[in-house]
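With compact mmCIF, C-alpha atoms and all ligand atoms inside, this is entry_33.txt:
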```txt
# COMPACT_ATOMS: atom_id res chain seq x y z
CA MET A 1 21.35 12.83 66.27
CA SER A 2 21.74 14.48 62.84
CA ASP A 3 18.72 15.54 60.77
CA PRO A 4 16.85 12.83 58.88
CA ILE A 5 17.91 12.37 55.28
CA LEU A 6 14.35 11.24 54.54
CA SER A 7 11.24 12.40 56.34
CA VAL A 8 7.87 11.02 55.29
CA ALA A 9 4.80 12.52 56.97
CA HIS A 10 1.18 11.42 56.52
CA LEU A 11 1.85 10.42 52.91
CA SER A 12 -1.15 9.33 50.84
CA VAL A 13 -1.10 8.29 47.18
CA ASP A 14 -3.97 7.45 44.81
CA LEU A 15 -3.53 5.62 41.50
CA GLY A 16 -6.20 5.07 38.87
CA GLY A 17 -8.80 6.58 41.21
CA ARG A 18 -7.92 4.09 43.96
CA SER A 19 -6.33 4.84 47.33
CA ILE A 20 -2.99 2.95 47.36
CA LEU A 21 -1.16 4.51 50.35
CA ARG A 22 -2.79 6.09 53.38
CA ASP A 23 -1.15 8.23 56.06
CA VAL A 24 2.33 6.69 55.94
CA SER A 25 4.94 8.34 58.20
CA PHE A 26 8.56 7.51 59.00
CA ASP A 27 12.00 9.12 59.26
CA LEU A 28 15.31 7.71 58.08
CA TYR A 29 18.69 8.94 59.35
CA PRO A 30 22.21 8.66 57.89
CA GLY A 31 23.83 5.39 58.95
CA GLN A 32 20.47 3.58 59.27
CA LEU A 33 19.01 0.74 57.25
CA CYS A 34 15.24 0.65 56.96
CA ALA A 35 13.35 -2.35 55.59
CA LEU A 36 10.07 -1.70 53.80
CA ILE A 37 8.17 -4.98 54.18
CA GLY A 38 4.88 -5.93 52.56
CA GLU A 39 3.13 -8.60 50.52
CA ASN A 40 2.48 -8.33 46.78
CA GLY A 41 0.45 -5.23 46.04
CA ALA A 42 0.93 -3.73 49.53
CA GLY A 43 2.23 -0.50 47.95
CA LYS A 44 6.02 -0.76 48.38
CA THR A 45 6.98 0.34 44.86
CA THR A 46 4.32 3.05 44.91
CA LEU A 47 5.85 4.41 48.12
CA LEU A 48 9.34 4.43 46.59
CA ARG A 49 8.05 6.16 43.46
CA GLY A 50 6.27 8.74 45.61
CA LEU A 51 9.51 9.44 47.47
CA LEU A 52 11.38 9.89 44.21
CA GLY A 53 8.80 12.28 42.81
CA LEU A 54 7.88 9.77 40.06
CA THR A 55 4.30 9.35 41.30
CA PRO A 56 2.16 12.27 42.51
CA ILE A 57 1.39 12.50 46.21
CA ARG A 58 -2.26 13.19 47.16
CA ALA A 59 -1.64 14.31 50.73
CA GLY A 60 1.23 14.61 53.19
CA GLN A 61 4.84 15.04 52.20
CA ALA A 62 8.17 13.34 51.62
CA LEU A 63 11.23 15.48 52.32
CA MET A 64 14.78 14.57 51.40
CA ASP A 65 17.37 16.61 53.22
CA GLY A 66 14.60 19.08 54.04
CA ALA A 67 13.37 19.64 50.45
CA PRO A 68 10.53 18.01 48.49
CA ALA A 69 11.87 14.60 47.58
CA GLY A 70 11.57 15.00 43.79
CA GLN A 71 13.95 18.00 43.95
CA ARG A 72 16.72 16.03 45.62
CA ARG A 73 17.20 13.12 43.26
CA ALA A 74 20.94 13.79 43.11
CA LEU A 75 21.13 12.57 46.72
CA VAL A 76 19.65 9.21 45.82
CA GLY A 77 20.92 6.00 44.30
CA TYR A 78 17.91 3.97 43.11
CA VAL A 79 17.91 0.32 42.09
CA PRO A 80 14.48 -0.51 40.60
CA GLN A 81 12.84 -3.93 40.69
CA LYS A 82 13.50 -6.68 38.14
CA ILE A 83 16.49 -5.45 36.20
CA ALA A 84 17.68 -8.22 33.91
CA PHE A 85 20.19 -8.20 31.06
CA ASP A 86 20.14 -10.35 27.92
CA ALA A 87 23.15 -12.63 27.63
CA ASP A 88 24.38 -10.69 24.59
CA THR A 89 24.02 -7.16 26.07
CA PRO A 90 27.23 -5.48 24.85
CA LEU A 91 28.06 -3.93 28.23
CA ARG A 92 30.71 -4.90 30.77
CA THR A 93 30.06 -4.44 34.50
CA ARG A 94 32.51 -1.54 34.46
CA ASP A 95 30.61 0.18 31.60
CA LEU A 96 27.30 -0.18 33.43
CA VAL A 97 28.78 1.45 36.53
CA GLN A 98 30.26 4.28 34.48
CA LEU A 99 26.84 4.98 32.93
CA GLY A 100 25.79 5.99 36.45
CA LEU A 101 28.21 8.91 36.10
CA ASP A 102 27.80 9.82 32.45
CA GLY A 103 24.03 9.57 32.28
CA HIS A 104 23.66 12.49 34.67
CA ARG A 105 26.52 14.65 33.60
CA LEU A 106 26.00 15.25 29.89
CA GLY A 107 27.82 18.43 28.88
CA LEU A 108 29.77 18.46 32.13
CA PRO A 109 32.12 15.52 31.76
CA LEU A 110 34.41 14.49 34.58
CA PHE A 111 38.10 14.06 33.81
CA SER A 112 38.67 10.45 32.84
CA GLY A 113 41.11 9.78 35.72
CA ARG A 114 38.54 10.92 38.29
CA LYS A 115 35.85 8.91 36.51
CA LYS A 116 37.92 5.73 36.61
CA ALA A 117 38.67 6.25 40.32
CA LEU A 118 34.95 6.61 41.12
CA VAL A 119 34.05 3.54 39.06
CA ASP A 120 36.82 1.48 40.73
CA GLN A 121 35.64 2.65 44.16
CA ALA A 122 32.04 1.61 43.45
CA LEU A 123 33.15 -1.77 42.06
CA HIS A 124 35.26 -2.34 45.17
CA ALA A 125 32.42 -1.27 47.51
CA VAL A 126 30.19 -4.06 46.21
CA GLY A 127 32.94 -6.66 45.74
CA ALA A 128 32.61 -6.67 41.93
CA GLU A 129 36.29 -6.35 40.98
CA ASP A 130 36.50 -9.97 39.85
CA PHE A 131 33.78 -9.55 37.23
CA ALA A 132 34.37 -5.89 36.35
CA ASP A 133 35.38 -6.77 32.78
CA GLN A 134 32.75 -9.45 32.22
CA ARG A 135 29.57 -8.78 30.22
CA VAL A 136 26.64 -8.06 32.54
CA GLY A 137 24.42 -10.57 30.71
CA GLU A 138 26.83 -13.36 31.62
CA LEU A 139 26.73 -12.68 35.37
CA SER A 140 24.76 -14.65 37.97
CA GLY A 141 21.68 -13.03 39.56
CA GLY A 142 23.67 -12.06 42.67
CA GLN A 143 26.49 -10.59 40.57
CA GLN A 144 24.00 -8.60 38.46
CA GLN A 145 22.51 -7.15 41.65
CA ARG A 146 26.00 -6.09 42.76
CA ALA A 147 26.60 -4.50 39.36
CA VAL A 148 23.41 -2.42 39.48
CA ILE A 149 24.10 -1.44 43.10
CA ALA A 150 27.57 -0.23 42.04
CA HIS A 151 25.84 1.74 39.25
CA ALA A 152 23.60 3.38 41.88
CA LEU A 153 26.52 4.02 44.27
CA VAL A 154 28.98 5.54 41.83
CA ARG A 155 27.72 9.09 42.35
CA GLN A 156 28.13 8.61 46.10
CA PRO A 157 24.46 9.05 47.10
CA ARG A 158 23.45 9.75 50.68
CA LEU A 159 20.35 7.59 50.35
CA LEU A 160 20.36 4.22 48.60
CA ILE A 161 16.94 2.81 47.66
CA LEU A 162 16.66 -0.82 46.57
CA ASP A 163 13.39 -2.33 45.34
CA GLU A 164 13.26 -6.11 46.01
CA PRO A 165 16.99 -6.71 45.58
CA LEU A 166 16.73 -10.20 47.12
CA ALA A 167 14.00 -11.49 44.78
CA ASN A 168 14.99 -14.69 42.97
CA LEU A 169 18.31 -15.06 44.79
CA ASP A 170 19.36 -18.25 46.53
CA PHE A 171 19.90 -18.23 50.29
CA GLY A 172 23.68 -17.75 50.12
CA SER A 173 23.59 -14.94 47.53
CA ALA A 174 20.79 -13.17 49.44
CA ASN A 175 22.72 -13.37 52.72
CA ALA A 176 25.88 -12.05 51.07
CA LEU A 177 23.92 -9.09 49.65
CA VAL A 178 22.34 -8.38 53.04
CA ALA A 179 25.83 -8.31 54.61
CA LEU A 180 26.84 -5.88 51.86
CA PHE A 181 23.88 -3.58 52.70
CA GLY A 182 24.97 -3.60 56.35
CA ARG A 183 28.58 -2.72 55.42
CA LEU A 184 27.53 0.09 53.08
CA THR A 185 25.25 1.58 55.73
CA ARG A 186 27.93 1.55 58.46
CA THR A 187 31.09 2.36 56.53
CA ARG A 188 29.64 5.03 54.25
CA GLN A 189 27.15 6.34 56.82
CA ILE A 190 24.48 6.46 54.14
CA ALA A 191 20.82 5.71 54.68
CA VAL A 192 19.55 2.55 52.98
CA LEU A 193 15.90 1.74 52.24
CA VAL A 194 15.26 -1.85 51.07
CA THR A 195 11.94 -3.44 50.09
CA ALA A 196 11.19 -7.15 50.58
CA HIS A 197 8.31 -9.57 51.11
CA ASP A 198 10.07 -11.39 53.94
CA MET A 199 11.72 -9.44 56.75
CA ASN A 200 13.82 -12.40 57.96
CA PRO A 201 16.86 -12.13 55.69
CA LEU A 202 17.16 -8.43 56.59
CA LEU A 203 16.81 -8.79 60.37
CA PRO A 204 20.58 -8.88 61.07
CA VAL A 205 21.14 -5.43 59.52
CA MET A 206 17.78 -3.70 59.98
CA ASP A 207 17.58 -0.59 62.20
CA ARG A 208 14.04 0.45 61.29
CA LEU A 209 11.01 -1.25 59.82
CA VAL A 210 8.11 0.07 57.77
CA TYR A 211 5.53 -2.74 57.67
CA LEU A 212 2.98 -2.09 54.96
CA VAL A 213 -0.39 -3.82 54.75
CA GLY A 214 -2.90 -2.71 52.12
CA GLY A 215 -1.33 0.75 51.91
CA GLN A 216 -1.16 1.46 55.65
CA ALA A 217 2.04 1.26 57.67
CA ALA A 218 3.32 0.50 61.14
CA THR A 219 6.80 1.96 61.63
CA GLY A 220 9.54 1.79 64.23
CA SER A 221 12.12 -0.74 65.43
CA VAL A 222 11.45 -4.46 64.88
CA GLU A 223 10.59 -4.80 68.57
CA GLU A 224 8.06 -1.97 68.36
CA VAL A 225 6.39 -3.05 65.13
CA VAL A 226 6.41 -6.85 65.16
CA GLN A 227 3.93 -7.20 67.99
CA PRO A 228 0.60 -9.03 67.76
CA GLU A 229 -1.41 -5.95 68.86
CA VAL A 230 0.29 -3.62 66.37
CA LEU A 231 0.05 -6.02 63.43
CA SER A 232 -3.49 -7.22 64.23
CA LYS A 233 -4.64 -3.61 64.05
CA LEU A 234 -2.87 -3.17 60.73
CA TYR A 235 -4.19 -6.40 59.17
CA GLY A 236 -7.66 -5.82 60.58
CA TYR A 237 -7.82 -9.37 62.02
CA PRO A 238 -5.96 -11.17 64.82
CA VAL A 239 -2.42 -12.24 63.98
CA THR A 240 0.15 -14.02 66.07
CA VAL A 241 3.91 -13.51 66.02
CA LEU A 242 6.08 -16.63 66.31
CA ARG A 243 9.80 -16.36 67.04
CA HIS A 244 12.02 -19.32 66.29
CA GLY A 245 15.69 -18.64 66.91
CA ARG A 246 16.39 -15.55 64.87
CA ARG A 247 13.42 -16.03 62.57
CA ILE A 248 10.05 -14.32 62.90
CA LEU A 249 6.77 -15.57 61.45
CA VAL A 250 3.58 -13.52 61.31
CA LEU A 251 0.49 -15.73 60.97
CA PRO A 252 -3.29 -15.36 61.29
CA ASP A 253 -4.19 -16.14 64.91
CA VAL A 254 -6.40 -19.18 64.34
CA ALA A 255 -7.23 -19.61 68.04
CA ALA A 256 -8.46 -16.01 68.30
CA GLU A 257 -10.42 -16.41 65.05
CA ASP A 258 -12.02 -19.62 66.34
CA ALA A 259 -12.86 -17.96 69.66
CA GLU A 260 -14.39 -15.02 67.81
CA ALA A 261 -16.36 -17.36 65.52
CA GLY A 262 -17.49 -19.30 68.61
CA THR A 263 -18.75 -16.12 70.25
CA ALA A 264 -20.55 -15.15 67.06
CA ALA A 265 -22.09 -18.63 66.84
CA SER A 266 -23.15 -18.40 70.48
CA VAL A 267 -24.83 -15.09 69.83
CA ALA A 268 -26.48 -16.35 66.66
CA HIS A 269 -27.48 -19.67 68.29
CA PRO A 270 -27.72 -18.97 72.03
CA GLU A 271 -29.02 -22.46 72.67
CA LYS A 272 -25.55 -23.80 71.69
CA ALA A 273 -23.76 -21.75 74.37
CA VAL A 274 -22.03 -23.94 76.95
N1 LIG B 1 -0.21 2.93 37.56
C1 LIG B 1 -1.08 2.33 38.34
N2 LIG B 1 -2.41 2.56 38.22
C2 LIG B 1 -3.32 1.96 39.02
N3 LIG B 1 -2.98 1.11 40.02
C3 LIG B 1 -1.68 0.83 40.19
C4 LIG B 1 -0.66 1.41 39.37
N4 LIG B 1 0.55 0.96 39.79
C5 LIG B 1 0.29 0.12 40.82
N5 LIG B 1 -1.03 0.05 41.06
C6 LIG B 1 -1.69 -0.75 42.12
O1 LIG B 1 -1.20 -0.30 43.37
C7 LIG B 1 -1.13 -1.38 44.30
C8 LIG B 1 0.25 -1.39 44.92
O2 LIG B 1 1.20 -1.74 43.91
P1 LIG B 1 2.75 -1.74 44.21
O3 LIG B 1 3.44 -2.14 42.93
O4 LIG B 1 3.14 -0.45 44.82
O5 LIG B 1 2.86 -2.90 45.29
P2 LIG B 1 4.12 -3.67 45.80
O6 LIG B 1 4.00 -3.78 47.26
O7 LIG B 1 5.38 -3.04 45.27
O8 LIG B 1 3.91 -5.10 45.14
P3 LIG B 1 4.96 -6.19 44.59
O9 LIG B 1 5.63 -6.75 45.81
O10 LIG B 1 4.11 -7.19 43.91
O11 LIG B 1 5.92 -5.48 43.68
C9 LIG B 1 -1.46 -2.64 43.51
O12 LIG B 1 -2.80 -2.99 43.79
C10 LIG B 1 -1.32 -2.21 42.06
O13 LIG B 1 -2.20 -2.93 41.24
```
Please express what this file holds, its structure, as structure tokens.
Ligand SMILES: Nc1ncnc2c1ncn2[C@@H]1O[C@H](COP(=O)(O)OP(=O)(O)OP(=O)(O)O)[C@@H](O)[C@H]1O
Amino acid sequence: MSDPILSVAHLSVDLGGRSILRDVSFDLYPGQLCALIGENGAGKTTLLRGLLGLTPIRAGQALMDGAPAGQRRALVGYVPQKIAFDADTPLRTRDLVQLGLDGHRLGLPLFSGRKKALVDQALHAVGAEDFADQRVGELSGGQQQRAVIAHALVRQPRLLILDEPLANLDFGSANALVALFGRLTRTRQIAVLVTAHDMNPLLPVMDRLVYLVGGQAATGSVEEVVQPEVLSKLYGYPVTVLRHGRRILVLPDVAAEDAEAGTAASVAHPEKAV
């Protein structure tokens, strides 16, 4: 196997005097899609910002292509959370994608023919040709996501990072985007890191999983990570894993909690023991 494009080892981050991430480790290789799953406030965005060198790391390291992550931003296409455009934003999809080239190359302009070819390639890669000349503010949520992904892809990054790209999308649009992530990973052999609250939509394309709970992570394949023992340790209380068809649900293990409470009650009130 080739070298990892991203290697995170024992990463810890503090913010505002509070520990937000503790001892997070995982590797990501070209041609792999990794889902970073966690509830609100679990630390997903903080982890991404640490990787990008936007938030200081307290301990551990994040290497991109062997160098400290902040020094390798040219390798990365980043789509932050919650990008929205006003209906009257005077920018076509094509212009937004081209900004991905121009914004980083001031003083070193590309020839316009080459620029147009790169923009067309990125629009094609995300299936945005049909709305390339439409204003971004007039696009649907799913189309806007495609537009910002094309913007991030236009410089042909080796690592694509997407923060909550499925938020607020209907089922069909989310599934179409997930299929797009799978295609980009395989055909371009790039590494893709996607954050989400729910792992289910991403299961069909996911190679690796980083499951974050309160700043601590379990990492590996879905089979390795989504196990009651692994997740119970992470949550700090018993959880059960239910599989229904291709869907997975992680729930507090009520039976185990009741049993534990029963034991505690028995100890506290031995006369009640059966
Ligand atoms: N600049 C900051 N200073 C202090 N605390 C912060 C700062 N930014 C984030 N936090 C805290 O860090 C924790 C993790 O936040 P983060 O945004 O990384 O979580 P998240 O998993 O991305 O959540 P969400 O899914 O809601 O976006 C939260 O408790 C948040 O309040």
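Taking all atoms listed in the file, the non-local environment of segment 133-138 of chain A within 9 Å (same-chain residues fewer than 5 positions away omitted) comprises A:Ala84, A:Phe85, A:Asp86, A:Ala87, A:Asp88, A:Thr89, A:Pro90, A:Leu91, A:Arg92, A:Thr93, A:Arg94, A:Asp95, A:Leu96, A:Gln143, A:Gln144, A:Ala147.
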Build an axis-aligned box that encloses every atom of ligand LIG 1 (chain B) listed in the file, pad it by 6 Å on each side, and report its centre and edge lengths in Å to one decimal, as JSON.
```
{"center_x": 1.3, "center_y": -2.1, "center_z": 42.4, "size_x": 21.2, "size_y": 22.1, "size_z": 21.7}
```
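Going from atom CA of Ser2 of chain A to atom CA of Arg73 of chain A covers 20.1 Å.
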When you look at segment 198-215 of chain A with a cut-off of 10 Å (counting all atoms listed in the file), what residues show up, excluding the ones that are within fewer than 5 positions of it in the same chain? I need them as a CSV table (one decimal) with C-alpha atoms, keeping the file's coordinate frame.
```csv
chain,number,residue,atom,x,y,z
A,12,SER,CA,-1.2,9.3,50.8
A,13,VAL,CA,-1.1,8.3,47.2
A,19,SER,CA,-6.3,4.8,47.3
A,20,ILE,CA,-3.0,3.0,47.4
A,21,LEU,CA,-1.2,4.5,50.4
A,22,ARG,CA,-2.8,6.1,53.4
A,23,ASP,CA,-1.2,8.2,56.1
A,24,VAL,CA,2.3,6.7,55.9
A,25,SER,CA,4.9,8.3,58.2
A,26,PHE,CA,8.6,7.5,59.0
A,27,ASP,CA,12.0,9.1,59.3
A,28,LEU,CA,15.3,7.7,58.1
A,29,TYR,CA,18.7,8.9,59.4
A,31,GLY,CA,23.8,5.4,59.0
A,32,GLN,CA,20.5,3.6,59.3
A,33,LEU,CA,19.0,0.7,57.2
A,34,CYS,CA,15.2,0.6,57.0
A,35,ALA,CA,13.4,-2.4,55.6
A,36,LEU,CA,10.1,-1.7,53.8
A,37,ILE,CA,8.2,-5.0,54.2
A,38,GLY,CA,4.9,-5.9,52.6
A,39,GLU,CA,3.1,-8.6,50.5
A,40,ASN,CA,2.5,-8.3,46.8
A,41,GLY,CA,0.4,-5.2,46.0
A,42,ALA,CA,0.9,-3.7,49.5
A,43,GLY,CA,2.2,-0.5,48.0
A,44,LYS,CA,6.0,-0.8,48.4
A,46,THR,CA,4.3,3.0,44.9
A,47,LEU,CA,5.8,4.4,48.1
A,166,LEU,CA,16.7,-10.2,47.1
A,167,ALA,CA,14.0,-11.5,44.8
A,171,PHE,CA,19.9,-18.2,50.3
A,174,ALA,CA,20.8,-13.2,49.4
A,175,ASN,CA,22.7,-13.4,52.7
A,177,LEU,CA,23.9,-9.1,49.6
A,178,VAL,CA,22.3,-8.4,53.0
A,179,ALA,CA,25.8,-8.3,54.6
A,180,LEU,CA,26.8,-5.9,51.9
A,181,PHE,CA,23.9,-3.6,52.7
A,182,GLY,CA,25.0,-3.6,56.4
A,183,ARG,CA,28.6,-2.7,55.4
A,185,THR,CA,25.2,1.6,55.7
A,186,ARG,CA,27.9,1.6,58.5
A,192,VAL,CA,19.6,2.6,53.0
A,193,LEU,CA,15.9,1.7,52.2
A,220,GLY,CA,9.5,1.8,64.2
A,221,SER,CA,12.1,-0.7,65.4
A,222,VAL,CA,11.4,-4.5,64.9
A,223,GLU,CA,10.6,-4.8,68.6
A,224,GLU,CA,8.1,-2.0,68.4
A,225,VAL,CA,6.4,-3.0,65.1
A,226,VAL,CA,6.4,-6.8,65.2
A,231,LEU,CA,0.0,-6.0,63.4
A,234,LEU,CA,-2.9,-3.2,60.7
A,235,TYR,CA,-4.2,-6.4,59.2
A,236,GLY,CA,-7.7,-5.8,60.6
A,246,ARG,CA,16.4,-15.6,64.9
A,247,ARG,CA,13.4,-16.0,62.6
A,248,ILE,CA,10.0,-14.3,62.9
A,249,LEU,CA,6.8,-15.6,61.4
```
Contacts of Ile57 of chain A at 9 Å (only C-alpha atoms; same-chain gap of 5+ positions) as an MDAnalysis selection string: chainID A and resid 11:14 50:51 62
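Nearest residue to ligand LIG 1 (chain B) among A:Val194, A:Leu242, A:Leu123, A:Val254 is A:Val194, counting all atoms listed in the file.
Compared by their closest atoms to ligand LIG 1 (chain B), and using only C-alpha atoms and all ligand atoms, the residues A:Arg158, A:His197, A:Arg72, A:His124 rank with A:His197 nearest.
The closest residue to ligand LIG 1 (chain B), picked from A:Gly60, A:Ala69, A:Gly127, A:Pro165 and counting only C-alpha atoms and all ligand atoms, is A:Pro165.
Straight-line separation from atom CA of Ala122 of chain A to atom CA of Val154 of chain A: 5.2 Å.
Coordinates place atom CA of Arg49 of chain A at a distance of 10.4 Å from atom CA of Ile161 of chain A.
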Closest of A:His244, A:Lys115, A:Arg58, A:Lys82 to ligand LIG 1 (chain B), counting all atoms listed in the file, is A:Lys82
